[in-house]
file coords-v6.cif (mmCIF, C-alpha atoms)
data_run
#
loop_
_atom_site.label_atom_id
_atom_site.label_comp_id
_atom_site.auth_asym_id
_atom_site.auth_seq_id
_atom_site.Cartn_x
_atom_site.Cartn_y
_atom_site.Cartn_z
CA MET A 1167 -18.52 15.87 -27.85
CA ILE A 1168 -16.66 18.45 -25.78
CA ASN A 1169 -13.05 18.51 -26.84
CA LYS A 1170 -10.56 18.39 -23.94
CA THR A 1171 -7.44 18.00 -26.05
CA VAL A 1172 -4.46 20.27 -25.54
CA SER A 1173 -1.55 20.03 -27.94
CA ASP A 1174 1.26 19.63 -25.44
CA VAL A 1175 2.30 19.38 -21.81
CA GLN A 1176 3.04 23.14 -21.61
CA LEU A 1177 -0.59 23.98 -22.33
CA ALA A 1178 -1.77 21.15 -20.11
CA CYS A 1179 0.07 22.65 -17.14
CA GLN A 1180 -0.96 26.25 -17.77
CA GLY A 1181 -2.04 27.99 -14.57
CA VAL A 1182 0.15 26.10 -12.09
CA LYS A 1183 1.51 28.49 -9.49
CA ASN A 1184 3.77 28.52 -6.47
CA GLY A 1185 2.08 27.32 -3.29
CA MET A 1186 -0.56 25.20 -5.02
CA THR A 1187 -1.68 21.71 -4.02
CA PHE A 1188 -1.22 18.96 -6.61
CA MET A 1189 -2.52 15.41 -6.72
CA LEU A 1190 -0.31 12.99 -8.65
CA GLY A 1191 -1.38 9.48 -9.59
CA GLY A 1192 0.84 6.41 -9.44
CA PHE A 1193 1.96 3.66 -7.10
CA GLY A 1194 5.72 3.60 -6.76
CA LEU A 1195 6.88 4.48 -10.27
CA SER A 1196 3.98 2.64 -11.92
CA GLY A 1197 1.37 4.83 -13.58
CA ILE A 1198 2.97 8.17 -12.71
CA PRO A 1199 2.34 11.23 -14.91
CA GLU A 1200 5.92 11.37 -16.21
CA ASN A 1201 5.39 14.20 -18.70
CA ALA A 1202 3.56 16.47 -16.26
CA ILE A 1203 6.24 15.91 -13.62
CA ALA A 1204 8.95 16.88 -16.13
CA GLU A 1205 7.02 20.06 -16.95
CA LEU A 1206 6.57 20.94 -13.26
CA VAL A 1207 10.34 20.57 -12.89
CA ARG A 1208 10.91 22.83 -15.92
CA LEU A 1209 8.44 25.45 -14.65
CA ASN A 1210 10.22 25.33 -11.29
CA VAL A 1211 7.03 25.95 -9.28
CA LYS A 1212 7.91 26.19 -5.61
CA ASP A 1213 6.34 25.59 -2.20
CA VAL A 1214 3.90 23.07 -3.58
CA THR A 1215 1.99 20.45 -1.61
CA CYS A 1216 1.93 17.06 -3.31
CA ILE A 1217 -0.68 14.41 -2.59
CA SER A 1218 0.75 11.17 -3.92
CA ASN A 1219 0.95 7.66 -2.47
CA ASN A 1220 4.75 7.67 -2.78
CA ALA A 1221 7.47 10.25 -3.33
CA GLY A 1222 9.32 8.64 -6.23
CA VAL A 1223 12.97 7.59 -6.07
CA ASP A 1224 16.00 9.87 -5.99
CA GLU A 1225 16.37 10.21 -9.76
CA PHE A 1226 12.82 9.72 -10.98
CA GLY A 1227 9.18 10.57 -10.40
CA LEU A 1228 8.50 13.08 -7.62
CA GLY A 1229 12.14 12.66 -6.60
CA LEU A 1230 12.91 15.09 -9.45
CA LEU A 1231 10.84 17.83 -7.77
CA LEU A 1232 12.39 17.01 -4.41
CA GLN A 1233 15.89 17.41 -5.83
CA LYS A 1234 15.04 20.96 -6.86
CA LYS A 1235 13.41 21.62 -3.48
CA GLN A 1236 10.10 22.50 -5.10
CA ILE A 1237 7.97 20.58 -2.60
CA ARG A 1238 7.04 22.15 0.74
CA LYS A 1239 4.76 19.36 1.90
CA MET A 1240 4.16 15.71 0.95
CA ILE A 1241 0.98 13.83 1.80
CA SER A 1242 1.70 10.13 1.24
CA SER A 1243 1.27 6.67 2.73
CA TYR A 1244 4.76 5.30 2.06
CA VAL A 1245 7.97 7.15 1.27
CA GLY A 1246 10.63 4.55 1.86
CA GLU A 1247 12.57 4.56 -1.41
CA ASN A 1248 14.09 8.01 -1.47
CA ALA A 1249 17.26 9.16 0.34
CA GLU A 1250 16.89 12.86 -0.55
CA PHE A 1251 13.33 12.74 0.76
CA GLU A 1252 14.54 11.33 4.07
CA ARG A 1253 17.26 13.99 4.32
CA GLN A 1254 14.84 16.86 3.72
CA MET A 1255 12.30 15.39 6.12
CA LEU A 1256 14.82 14.89 8.95
CA SER A 1257 16.32 18.38 8.44
CA GLY A 1258 12.85 19.90 8.61
CA GLU A 1259 12.98 21.40 5.07
CA LEU A 1260 10.08 19.21 4.02
CA GLU A 1261 6.81 18.79 5.85
CA VAL A 1262 5.45 15.26 5.66
CA GLU A 1263 2.01 13.95 6.47
CA LEU A 1264 1.83 10.17 6.43
CA ILE A 1265 -1.66 8.74 6.20
CA PRO A 1266 -3.04 5.23 5.68
CA GLN A 1267 -3.21 4.20 2.04
CA GLY A 1268 -6.92 3.43 2.04
CA THR A 1269 -7.64 6.76 3.72
CA LEU A 1270 -5.55 8.51 1.04
CA ALA A 1271 -7.53 6.81 -1.72
CA GLN A 1272 -10.86 7.55 -0.06
CA ARG A 1273 -9.98 11.23 0.56
CA CYS A 1274 -9.36 11.51 -3.20
CA SER A 1275 -12.55 9.63 -3.96
CA ALA A 1276 -14.53 11.84 -1.53
CA ALA A 1277 -13.23 14.98 -3.24
CA GLN A 1278 -14.20 13.49 -6.61
CA SER A 1279 -17.70 12.65 -5.37
CA GLY A 1280 -18.58 15.80 -3.43
CA ILE A 1281 -18.52 14.01 -0.08
CA PRO A 1282 -16.89 16.42 2.40
CA ALA A 1283 -15.86 13.83 4.99
CA PHE A 1284 -16.26 10.19 5.99
CA TYR A 1285 -15.51 7.80 8.85
CA THR A 1286 -12.95 5.03 8.60
CA PRO A 1287 -11.58 2.60 11.21
CA ALA A 1288 -8.02 2.91 9.84
CA GLY A 1289 -5.61 4.54 12.26
CA TYR A 1290 -7.85 4.49 15.33
CA GLY A 1291 -5.71 4.20 18.47
CA THR A 1292 -2.55 5.28 16.61
CA GLU A 1293 -0.79 8.63 16.19
CA VAL A 1294 -2.79 9.12 12.97
CA ALA A 1295 -5.83 9.66 15.21
CA GLN A 1296 -4.32 12.64 17.05
CA GLY A 1297 -6.63 15.64 16.92
CA LYS A 1298 -9.27 13.79 14.91
CA GLU A 1299 -12.91 13.35 15.78
CA SER A 1300 -13.81 9.73 16.56
CA ARG A 1301 -17.13 7.98 16.76
CA VAL A 1302 -18.52 4.49 17.39
CA PHE A 1303 -20.39 2.71 14.61
CA ASN A 1304 -21.55 -0.89 15.12
CA GLY A 1305 -19.50 -1.13 18.28
CA LYS A 1306 -16.26 -0.12 16.58
CA MET A 1307 -14.29 3.13 16.72
CA HIS A 1308 -13.82 5.21 13.55
CA LEU A 1309 -12.01 8.44 12.66
CA LEU A 1310 -13.47 11.36 10.76
CA GLU A 1311 -11.39 12.08 7.65
CA TYR A 1312 -11.85 14.94 5.19
CA ALA A 1313 -11.92 15.12 1.40
CA PHE A 1314 -8.78 16.59 -0.13
CA ASN A 1315 -8.83 20.07 -1.58
CA ALA A 1316 -6.39 20.33 -4.50
CA ASP A 1317 -5.76 22.77 -7.35
CA PHE A 1318 -4.54 20.32 -9.99
CA ALA A 1319 -4.71 16.56 -10.38
CA PHE A 1320 -2.08 15.11 -12.73
CA ILE A 1321 -3.00 11.63 -13.76
CA LYS A 1322 -1.77 9.09 -16.26
CA ALA A 1323 -3.84 6.66 -18.30
CA TRP A 1324 -3.05 4.15 -21.02
CA LYS A 1325 -5.52 5.28 -23.68
CA GLY A 1326 -7.80 8.24 -23.93
CA ASP A 1327 -9.83 10.21 -26.46
CA ALA A 1328 -10.48 13.90 -27.08
CA ALA A 1329 -13.62 13.72 -24.91
CA GLY A 1330 -11.36 12.86 -21.97
CA ASN A 1331 -12.56 9.26 -21.66
CA LEU A 1332 -9.84 7.09 -20.14
CA ILE A 1333 -8.72 3.48 -19.99
CA PHE A 1334 -5.99 2.35 -17.63
CA LYS A 1335 -3.65 -0.62 -17.89
CA GLY A 1336 -2.79 -3.24 -15.25
CA SER A 1337 -1.77 -2.05 -11.82
CA ALA A 1338 -0.77 1.33 -13.31
CA ARG A 1339 -4.43 2.21 -12.63
CA ASN A 1340 -3.96 2.55 -8.83
CA PHE A 1341 -4.77 6.09 -7.57
CA ASN A 1342 -5.24 7.63 -11.02
CA PRO A 1343 -9.01 7.07 -11.40
CA ASN A 1344 -9.65 8.27 -7.82
CA MET A 1345 -7.90 11.58 -8.53
CA CYS A 1346 -9.86 12.35 -11.71
CA GLY A 1347 -12.16 15.25 -10.94
CA ALA A 1348 -10.86 15.42 -7.36
CA ALA A 1349 -9.06 18.74 -7.97
CA LYS A 1350 -10.16 22.02 -9.57
CA ILE A 1351 -8.44 21.02 -12.81
CA THR A 1352 -7.63 17.45 -13.83
CA VAL A 1353 -4.89 16.99 -16.42
CA ALA A 1354 -4.76 13.54 -17.97
CA GLU A 1355 -1.77 12.35 -19.94
CA VAL A 1356 -2.08 9.21 -22.03
CA GLU A 1357 0.26 6.93 -23.91
CA GLU A 1358 -2.12 6.89 -26.82
CA LEU A 1359 -4.68 9.54 -27.73
CA VAL A 1360 -7.15 7.71 -29.97
CA PRO A 1361 -9.87 9.15 -32.25
CA VAL A 1362 -13.22 9.80 -30.62
CA GLY A 1363 -15.51 6.84 -31.20
CA SER A 1364 -12.76 4.25 -31.24
CA LEU A 1365 -13.04 3.43 -27.52
CA ASP A 1366 -15.87 1.07 -26.64
CA PRO A 1367 -18.09 2.98 -24.14
CA ASN A 1368 -18.49 -0.30 -22.22
CA GLN A 1369 -14.78 -0.42 -21.54
CA ILE A 1370 -14.18 3.15 -20.35
CA HIS A 1371 -12.87 3.35 -16.78
CA ILE A 1372 -13.24 7.12 -16.30
CA PRO A 1373 -15.74 9.21 -18.29
CA GLY A 1374 -14.45 12.45 -19.79
CA ILE A 1375 -16.64 14.66 -17.58
CA PHE A 1376 -13.99 14.37 -14.84
CA ILE A 1377 -11.18 15.61 -17.12
CA GLN A 1378 -10.44 19.20 -18.15
CA ARG A 1379 -7.31 18.67 -20.28
CA ILE A 1380 -5.92 15.65 -22.06
CA PHE A 1381 -2.74 15.18 -24.07
CA GLN A 1382 -0.55 12.40 -25.40
CA GLY A 1383 2.77 12.21 -23.57
CA ASN A 1384 5.88 12.59 -25.70
CA ARG A 1385 7.58 9.58 -24.24
CA TYR A 1386 7.30 7.16 -21.34
CA GLU A 1387 10.30 5.69 -19.61
CA LYS A 1388 8.18 3.49 -17.29
CA ARG A 1389 10.99 2.67 -14.95
CA ILE A 1390 10.74 -0.57 -12.93
CA GLU A 1391 11.48 -0.13 -9.25
CA GLN A 1392 11.97 -3.77 -8.16
CA LEU A 1393 12.70 -6.10 -11.03
CA THR A 1394 11.77 -9.60 -9.85
CA VAL A 1395 11.84 -12.51 -12.29
CA ARG A 1396 11.98 -16.29 -12.21
CA LYS A 1397 14.26 -18.44 -14.29
CA ARG A 1398 12.95 -20.55 -17.11
CA ASN A 1399 13.50 -24.23 -16.43
CA MET B 1153 15.68 -25.46 16.27
CA ALA B 1154 14.04 -22.11 15.70
CA LEU B 1155 12.18 -21.88 12.40
CA SER B 1156 13.73 -20.23 9.35
CA LYS B 1157 11.78 -17.49 7.58
CA GLU B 1158 10.73 -20.05 4.97
CA GLN B 1159 9.47 -22.39 7.69
CA ILE B 1160 7.46 -19.59 9.32
CA ALA B 1161 5.87 -18.99 5.92
CA GLN B 1162 5.31 -22.72 5.47
CA ARG B 1163 3.51 -23.00 8.83
CA ILE B 1164 1.34 -19.95 8.08
CA ALA B 1165 0.39 -21.46 4.72
CA LYS B 1166 -1.50 -24.18 6.66
CA GLU B 1167 -3.90 -21.44 7.85
CA VAL B 1168 -4.86 -20.60 4.25
CA LYS B 1169 -8.11 -22.40 3.44
CA ASN B 1170 -9.93 -23.24 0.21
CA GLY B 1171 -11.87 -20.25 -1.14
CA TYR B 1172 -9.91 -17.60 0.75
CA TYR B 1173 -9.02 -14.17 -0.59
CA VAL B 1174 -5.68 -13.37 1.04
CA ASN B 1175 -3.61 -10.20 1.38
CA LEU B 1176 0.09 -10.80 1.95
CA GLY B 1177 2.38 -8.15 3.42
CA ILE B 1178 5.98 -7.53 2.46
CA GLY B 1179 8.78 -9.83 3.73
CA ILE B 1180 8.04 -13.27 5.22
CA PRO B 1181 4.30 -13.00 4.34
CA THR B 1182 5.16 -12.81 0.62
CA LEU B 1183 6.82 -16.24 0.93
CA VAL B 1184 3.56 -17.81 2.13
CA ALA B 1185 2.28 -18.00 -1.46
CA ASN B 1186 5.03 -20.53 -2.25
CA PHE B 1187 3.73 -23.01 0.34
CA VAL B 1188 -0.04 -22.91 -0.13
CA ARG B 1189 -1.46 -26.34 -1.02
CA LYS B 1190 -1.84 -26.78 -4.75
CA ASP B 1191 -5.19 -28.58 -4.45
CA ILE B 1192 -7.09 -25.55 -3.04
CA GLU B 1193 -8.36 -22.38 -4.71
CA VAL B 1194 -6.91 -19.20 -3.20
CA ASP B 1195 -6.76 -15.68 -4.65
CA PHE B 1196 -4.06 -13.25 -3.59
CA GLN B 1197 -4.98 -9.57 -3.38
CA SER B 1198 -2.38 -6.85 -3.73
CA GLU B 1199 -3.59 -3.51 -2.36
CA ASN B 1200 -2.21 -1.50 -5.28
CA GLY B 1201 -5.02 -3.01 -7.36
CA VAL B 1202 -4.59 -6.66 -8.32
CA LEU B 1203 -6.69 -9.71 -7.44
CA GLY B 1204 -5.44 -13.05 -8.67
CA MET B 1205 -1.72 -12.37 -8.42
CA GLY B 1206 0.58 -14.98 -9.94
CA PRO B 1207 4.30 -15.70 -9.61
CA PHE B 1208 7.15 -13.44 -10.73
CA PRO B 1209 7.42 -13.14 -14.54
CA PHE B 1210 10.00 -15.01 -16.57
CA GLU B 1211 13.06 -12.96 -17.47
CA GLY B 1212 12.24 -10.57 -20.29
CA GLU B 1213 8.47 -10.80 -19.71
CA GLU B 1214 8.31 -8.19 -16.94
CA ASP B 1215 5.79 -5.38 -17.38
CA PRO B 1216 6.22 -1.98 -15.65
CA ASP B 1217 2.41 -1.72 -15.56
CA LEU B 1218 2.11 -4.90 -13.52
CA ILE B 1219 3.55 -4.78 -10.01
CA ASN B 1220 2.57 -5.82 -6.48
CA ALA B 1221 2.35 -3.68 -3.34
CA GLY B 1222 6.09 -4.23 -2.79
CA LYS B 1223 6.66 -2.68 -6.25
CA GLN B 1224 7.95 -6.03 -7.55
CA THR B 1225 7.13 -7.15 -11.07
CA ILE B 1226 4.50 -9.90 -11.04
CA THR B 1227 2.13 -11.85 -13.29
CA THR B 1228 -1.58 -12.55 -13.05
CA LEU B 1229 -3.42 -15.86 -13.08
CA PRO B 1230 -6.50 -16.68 -15.18
CA GLY B 1231 -9.50 -14.95 -13.58
CA ALA B 1232 -7.44 -12.02 -12.30
CA SER B 1233 -8.74 -8.44 -12.19
CA PHE B 1234 -7.39 -4.92 -11.85
CA PHE B 1235 -9.04 -2.05 -9.98
CA ASP B 1236 -8.31 1.36 -8.50
CA SER B 1237 -6.98 2.06 -5.01
CA ALA B 1238 -10.33 3.12 -3.54
CA MET B 1239 -11.93 -0.13 -4.67
CA SER B 1240 -8.95 -2.08 -3.38
CA PHE B 1241 -9.53 -0.67 0.09
CA SER B 1242 -13.27 -1.29 -0.24
CA MET B 1243 -12.30 -4.95 -0.47
CA ILE B 1244 -10.14 -4.55 2.64
CA ARG B 1245 -12.30 -2.25 4.80
CA GLY B 1246 -15.46 -3.99 3.66
CA GLN B 1247 -14.04 -7.29 4.97
CA HIS B 1248 -14.20 -9.06 1.63
CA VAL B 1249 -10.61 -10.21 2.14
CA ASP B 1250 -10.65 -13.32 4.35
CA LEU B 1251 -7.11 -13.39 5.68
CA THR B 1252 -4.40 -10.78 6.18
CA ILE B 1253 -0.83 -11.90 6.82
CA LEU B 1254 1.70 -9.28 7.78
CA GLY B 1255 4.98 -8.73 9.58
CA ALA B 1256 5.47 -6.91 12.88
CA MET B 1257 8.19 -5.26 14.94
CA GLU B 1258 6.16 -5.69 18.13
CA VAL B 1259 2.87 -7.28 19.21
CA SER B 1260 1.27 -6.83 22.63
CA GLN B 1261 -0.78 -9.33 24.62
CA ASN B 1262 -4.04 -7.51 23.84
CA GLY B 1263 -3.38 -7.81 20.09
CA ASP B 1264 -1.93 -4.36 19.37
CA ILE B 1265 0.62 -4.30 16.56
CA ALA B 1266 3.50 -1.94 15.74
CA ASN B 1267 5.17 -2.29 12.36
CA TRP B 1268 5.50 1.07 10.61
CA LYS B 1269 7.79 3.44 12.40
CA ILE B 1270 10.84 3.62 14.64
CA PRO B 1271 10.95 7.24 15.82
CA GLY B 1272 14.17 8.95 14.75
CA LYS B 1273 15.36 5.90 12.82
CA MET B 1274 12.89 4.58 10.30
CA VAL B 1275 10.03 6.70 9.03
CA LYS B 1276 8.83 5.12 5.82
CA GLY B 1277 5.11 5.21 6.37
CA MET B 1278 2.32 2.77 7.06
CA GLY B 1279 1.26 2.10 3.46
CA GLY B 1280 -1.91 0.02 3.65
CA ALA B 1281 -1.09 -1.66 6.97
CA MET B 1282 -3.32 0.55 9.13
CA ASP B 1283 -6.34 -0.01 6.88
CA LEU B 1284 -5.65 -3.75 6.82
CA VAL B 1285 -5.31 -4.24 10.57
CA ALA B 1286 -8.24 -1.96 11.41
CA SER B 1287 -10.67 -3.96 9.30
CA ALA B 1288 -9.48 -7.51 8.77
CA GLU B 1289 -11.37 -10.21 10.70
CA ASN B 1290 -8.48 -12.62 10.58
CA ILE B 1291 -4.95 -11.32 11.00
CA ILE B 1292 -1.91 -13.55 11.30
CA VAL B 1293 1.43 -12.00 12.14
CA ALA B 1294 4.72 -13.45 10.90
CA MET B 1295 7.63 -12.31 13.05
CA MET B 1296 10.80 -13.06 14.92
CA HIS B 1297 10.11 -13.76 18.59
CA THR B 1298 13.00 -11.58 19.76
CA ASN B 1299 15.11 -8.76 18.31
CA ARG B 1300 18.79 -8.99 17.41
CA VAL B 1301 19.94 -8.50 21.02
CA GLY B 1302 17.48 -11.10 22.33
CA ASP B 1303 14.76 -8.80 23.72
CA SER B 1304 11.20 -10.04 23.38
CA LYS B 1305 8.97 -8.59 20.68
CA LEU B 1306 5.87 -10.20 22.25
CA LEU B 1307 5.17 -7.62 24.91
CA LYS B 1308 2.76 -6.56 27.63
CA LYS B 1309 2.52 -3.23 25.83
CA CYS B 1310 4.11 -2.09 22.55
CA SER B 1311 6.84 0.53 22.87
CA LEU B 1312 6.82 1.62 19.21
CA PRO B 1313 4.10 3.72 17.55
CA LEU B 1314 1.08 1.50 16.94
CA THR B 1315 -0.30 0.41 13.59
CA GLY B 1316 -3.56 -0.85 15.09
CA VAL B 1317 -5.17 -1.87 18.38
CA ASN B 1318 -6.74 -5.18 19.53
CA CYS B 1319 -6.47 -6.69 16.09
CA VAL B 1320 -3.94 -9.54 15.95
CA LYS B 1321 -5.50 -13.01 16.24
CA LYS B 1322 -2.55 -15.32 15.75
CA ILE B 1323 1.24 -15.13 15.67
CA VAL B 1324 3.67 -17.49 13.99
CA SER B 1325 7.18 -16.69 15.21
CA ASN B 1326 10.47 -18.50 14.75
CA LEU B 1327 9.82 -20.18 18.12
CA ALA B 1328 6.09 -20.80 18.39
CA VAL B 1329 2.50 -20.49 17.22
CA LEU B 1330 0.46 -18.37 19.62
CA GLU B 1331 -3.08 -17.06 19.82
CA ILE B 1332 -4.23 -13.83 21.47
CA VAL B 1333 -6.83 -14.70 24.15
CA ASN B 1334 -7.84 -13.07 27.46
CA ASN B 1335 -5.18 -10.38 27.22
CA SER B 1336 -2.48 -13.04 26.87
CA PHE B 1337 -0.42 -15.01 24.38
CA LYS B 1338 -1.75 -18.57 24.43
CA LEU B 1339 0.91 -21.04 23.34
CA LEU B 1340 -0.49 -23.45 20.73
CA GLU B 1341 2.58 -25.06 19.15
CA ARG B 1342 6.33 -24.86 19.54
CA ALA B 1343 9.10 -25.05 16.96
CA PRO B 1344 10.65 -28.54 16.76
CA GLY B 1345 13.18 -28.98 19.57
CA VAL B 1346 12.39 -25.61 21.20
CA SER B 1347 11.56 -26.00 24.90
CA ILE B 1348 8.71 -24.35 26.80
CA ASP B 1349 11.32 -22.57 28.92
CA GLU B 1350 12.96 -21.04 25.86
CA ILE B 1351 9.58 -19.67 24.78
CA LYS B 1352 8.85 -18.40 28.30
CA ASN B 1353 12.19 -16.60 28.40
CA ALA B 1354 11.60 -15.02 25.00
CA THR B 1355 8.06 -13.78 25.80
CA GLU B 1356 7.65 -10.67 27.93
CA GLY B 1357 3.85 -10.58 27.78
CA ASN B 1358 1.53 -12.96 29.70
CA LEU B 1359 1.93 -16.48 28.38
CA ILE B 1360 -0.79 -19.12 28.81
CA ILE B 1361 0.46 -22.70 28.67
CA GLU B 1362 -2.21 -25.38 29.00
CA GLY B 1363 -1.41 -29.08 28.82
CA ASP B 1364 1.08 -30.59 26.40
CA ILE B 1365 2.23 -28.22 23.70
CA PRO B 1366 2.80 -30.10 20.43
CA GLU B 1367 5.63 -29.39 18.04
CA ILE B 1368 4.81 -27.58 14.79
CA GLN B 1369 4.01 -30.00 11.97
CA PHE B 1370 4.60 -28.94 8.38
#
call {"tool": "encode", "arguments": {"input": "coords-v6.cif", "output": "structure tokens"}}
result
Amino acid sequence: MINKTVSDVQLACQGVKNGMTFMLGGFGLSGIPENAIAELVRLNVKDVTCISNNAGVDEFGLGLLLQKKQIRKMISSYVGENAEFERQMLSGELEVELIPQGTLAQRCSAAQSGIPAFYTPAGYGTEVAQGKESRVFNGKMHLLEYAFNADFAFIKAWKGDAAGNLIFKGSARNFNPNMCGAAKITVAEVEELVPVGSLDPNQIHIPGIFIQRIFQGNRYEKRIEQLTVRKRN
Amino acid sequence: MALSKEQIAQRIAKEVKNGYYVNLGIGIPTLVANFVRKDIEVDFQSENGVLGMGPFPFEGEEDPDLINAGKQTITTLPGASFFDSAMSFSMIRGQHVDLTILGAMEVSQNGDIANWKIPGKMVKGMGGAMDLVASAENIIVAMMHTNRVGDSKLLKKCSLPLTGVNCVKKIVSNLAVLEIVNNSFKLLERAPGVSIDEIKNATEGNLIIEGDIPEIQF
């Protein structure tokens, strides 16, 4: 077993520098790498490009990096929950590239798999297609999209072991598995770091080979963005 | 009477057939789940990675690790599954999802749809909508027939940035049920008490009216 464990988030984030490109897992505030984000805020790295489906909310998630103006460019599919984000985008302080969600996932997956580019029908005939190569397959138009090229992937899983094997929970899985191994260094934070051998190999979602560093997060707030409930009769 | 949002959802629910996997967009489409017949088997897919979505949780049972694509807390039904985002869009792009229901700001007579951006005003992003409309075989749009000042949203050509081209099959608006055929909106049904003239006046694109147009039945 190759041990991927680092003792804390400081060691996990060692090597991050200004101007780097980061991938961050999560959908909305669900399954985001809360501890890594807090450390990136503390390190105050600047001019970073963030690849993440969403940009957090004003007071949480990637919104914390936005508040400190650490992000130069966001690559996302939906950014609608964040007033500071909108302000920086409209004033031109923040560069934003909006791309279809499935294309975002597949560009991560392509980077993970060593596939340099792929064709997808999403966005054909829209402004997303501008400047992109297109081609007909089976009578239908497709766009050429490229694998991402990132320095660090920060992902969050439910359980993991020292080998870097990961198990996700519920819909907090989302983009996290697709980002594992899709950057030069993948940092996994888990709610529970369990002893090697205690995870059933049949149940592992992401094998440790994709992970360089793993640590147990100090705490998880797990904020709910839209609390919707029904009444008991 | 024009249909309420709930009635639009109720009419669309009649299009949901036994054995369908269905993706519901945010807004009126989400309401469709409430009106699907109880005697058929339907699975709802949420593109953030859930198949077999159930109703909202009871108070106190909400789980931050279990949300839908609108970031609302949800539950799952027996037989549900979770998966990553790439696999979710394999279901969508690979046409394993049978029916996609989504909202629109504008639709054109050739089936183009615009629903993600108002330049200078609203720039939130397309989320999964572009992937959905580019691949889905069967797309039904839930929308208001006109905007707040009464201008048609069923147009010859969309004025807003497009989400997808030549993709919409059917529209259920507050005034009518229409199908896209031969570069036109073909009127299939009208809202109870709404006249053909009202629909004509509210539709900028080509409108095909053949024979008697029945009222929408629920």
call {"tool": "resolve_selection", "arguments": {"input": "coords-v6.cif", "expression": "the PyMOL selection byres ((chain B) within 9 of (chain A))", "output": "JSON, numbers by chain"}}
result
{"B": [1199, 1200, 1201, 1202, 1207, 1208, 1209, 1210, 1211, 1212, 1213, 1214, 1215, 1216, 1217, 1218, 1219, 1220, 1221, 1222, 1223, 1224, 1225, 1226, 1233, 1234, 1235, 1236, 1237, 1238, 1239, 1240, 1241, 1242, 1244, 1245, 1272, 1274, 1275, 1276, 1277, 1278, 1279, 1280, 1281, 1282, 1283, 1284, 1285, 1286, 1287, 1313, 1314, 1315, 1316, 1317]}
call {"tool": "resolve_selection", "arguments": {"input": "coords-v6.cif", "expression": "the PyMOL selection byres ((chain B and resi 1360) around 6)", "output": "NGL selection string"}}
result
:B and (1338 or 1359 or 1361)
call {"tool": "write_last_selection", "arguments": {"input": "coords-v6.cif", "atoms": "C-alpha atoms", "output": "CSV table (one decimal), keeping the file's coordinate frame"}}
result
chain,number,residue,atom,x,y,z
B,1338,LYS,CA,-1.8,-18.6,24.4
B,1359,LEU,CA,1.9,-16.5,28.4
B,1361,ILE,CA,0.5,-22.7,28.7
call {"tool": "residues_around", "arguments": {"input": "coords-v6.cif", "residues": "range 1174-1184 of chain B", "least_positions_apart": "6", "cutoff": "7 Å", "atoms": "all atoms listed in the file", "output": "list of chain:residue names"}}
result
B:Lys1157, B:Glu1158, B:Ala1161, B:Gln1162, B:Ile1164, B:Ala1165, B:Asp1195, B:Phe1196, B:Gln1197, B:Ser1198, B:Gly1222, B:Val1249, B:Asp1250, B:Leu1251, B:Thr1252, B:Ile1253, B:Leu1254, B:Gly1255, B:Ala1294
call {"tool": "resolve_selection", "arguments": {"input": "coords-v6.cif", "expression": "the PyMOL selection byres ((chain A and resi 1239) around 10)", "output": "short mmCIF file (atom, residue, chain, number, x, y, z; two decimals) with C-alpha atoms, keeping the file's coordinate frame"}}
result
data_model
loop_
_atom_site.label_atom_id
_atom_site.label_comp_id
_atom_site.auth_asym_id
_atom_site.auth_seq_id
_atom_site.Cartn_x
_atom_site.Cartn_y
_atom_site.Cartn_z
CA GLY A 1185 2.08 27.32 -3.29
CA THR A 1187 -1.68 21.71 -4.02
CA ASP A 1213 6.34 25.59 -2.20
CA VAL A 1214 3.90 23.07 -3.58
CA THR A 1215 1.99 20.45 -1.61
CA CYS A 1216 1.93 17.06 -3.31
CA ILE A 1217 -0.68 14.41 -2.59
CA GLN A 1236 10.10 22.50 -5.10
CA ILE A 1237 7.97 20.58 -2.60
CA ARG A 1238 7.04 22.15 0.74
CA MET A 1240 4.16 15.71 0.95
CA ILE A 1241 0.98 13.83 1.80
CA SER A 1242 1.70 10.13 1.24
CA MET A 1255 12.30 15.39 6.12
CA GLU A 1259 12.98 21.40 5.07
CA LEU A 1260 10.08 19.21 4.02
CA GLU A 1261 6.81 18.79 5.85
CA VAL A 1262 5.45 15.26 5.66
CA GLU A 1263 2.01 13.95 6.47
#
call {"tool": "atom_distance", "arguments": {"input": "coords-v6.cif", "atom1": "CA of Arg1379 in chain A", "atom2": "CA of Gly1330 in chain A"}}
result
7.3 Å
call {"tool": "axis_aligned_box", "arguments": {"input": "coords-v6.cif", "around": "range 1391-1396 of chain A", "padding_each_side": "4 Å", "output": "JSON"}}
result
{"center_x": 12.1, "center_y": -8.2, "center_z": -10.2, "size_x": 9.2, "size_y": 24.2, "size_z": 12.1}
call {"tool": "residues_around", "arguments": {"input": "coords-v6.cif", "residues": "Phe1251 in chain A", "least_positions_apart": "6", "cutoff": "9 Å", "atoms": "only C-alpha atoms", "output": "ChimeraX atom specification"}}
result
/A:1221,1223-1224,1229,1232-1233,1245,1260
call {"tool": "closest_residue", "arguments": {"input": "coords-v6.cif", "among": "B:Val1324, B:Leu1340, B:Val1259, B:Val1168", "to": "Ala1185 in chain B", "atoms": "only C-alpha atoms"}}
result
B:Val1168
call {"tool": "atom_distance", "arguments": {"input": "coords-v6.cif", "atom1": "CA of Ser1364 in chain A", "atom2": "CA of Ser1279 in chain A"}}
result
27.6 Å
call {"tool": "atom_distance", "arguments": {"input": "coords-v6.cif", "atom1": "CA of Gly1357 in chain B", "atom2": "CA of Leu1306 in chain B"}}
result
5.9 Å
call {"tool": "residues_around", "arguments": {"input": "coords-v6.cif", "residues": "Phe1318 in chain A", "least_positions_apart": "2", "cutoff": "8 Å", "atoms": "all atoms listed in the file", "output": "PyMOL selection string"}}
result
chain A and resi 1182+1187-1189+1316+1320+1349-1353
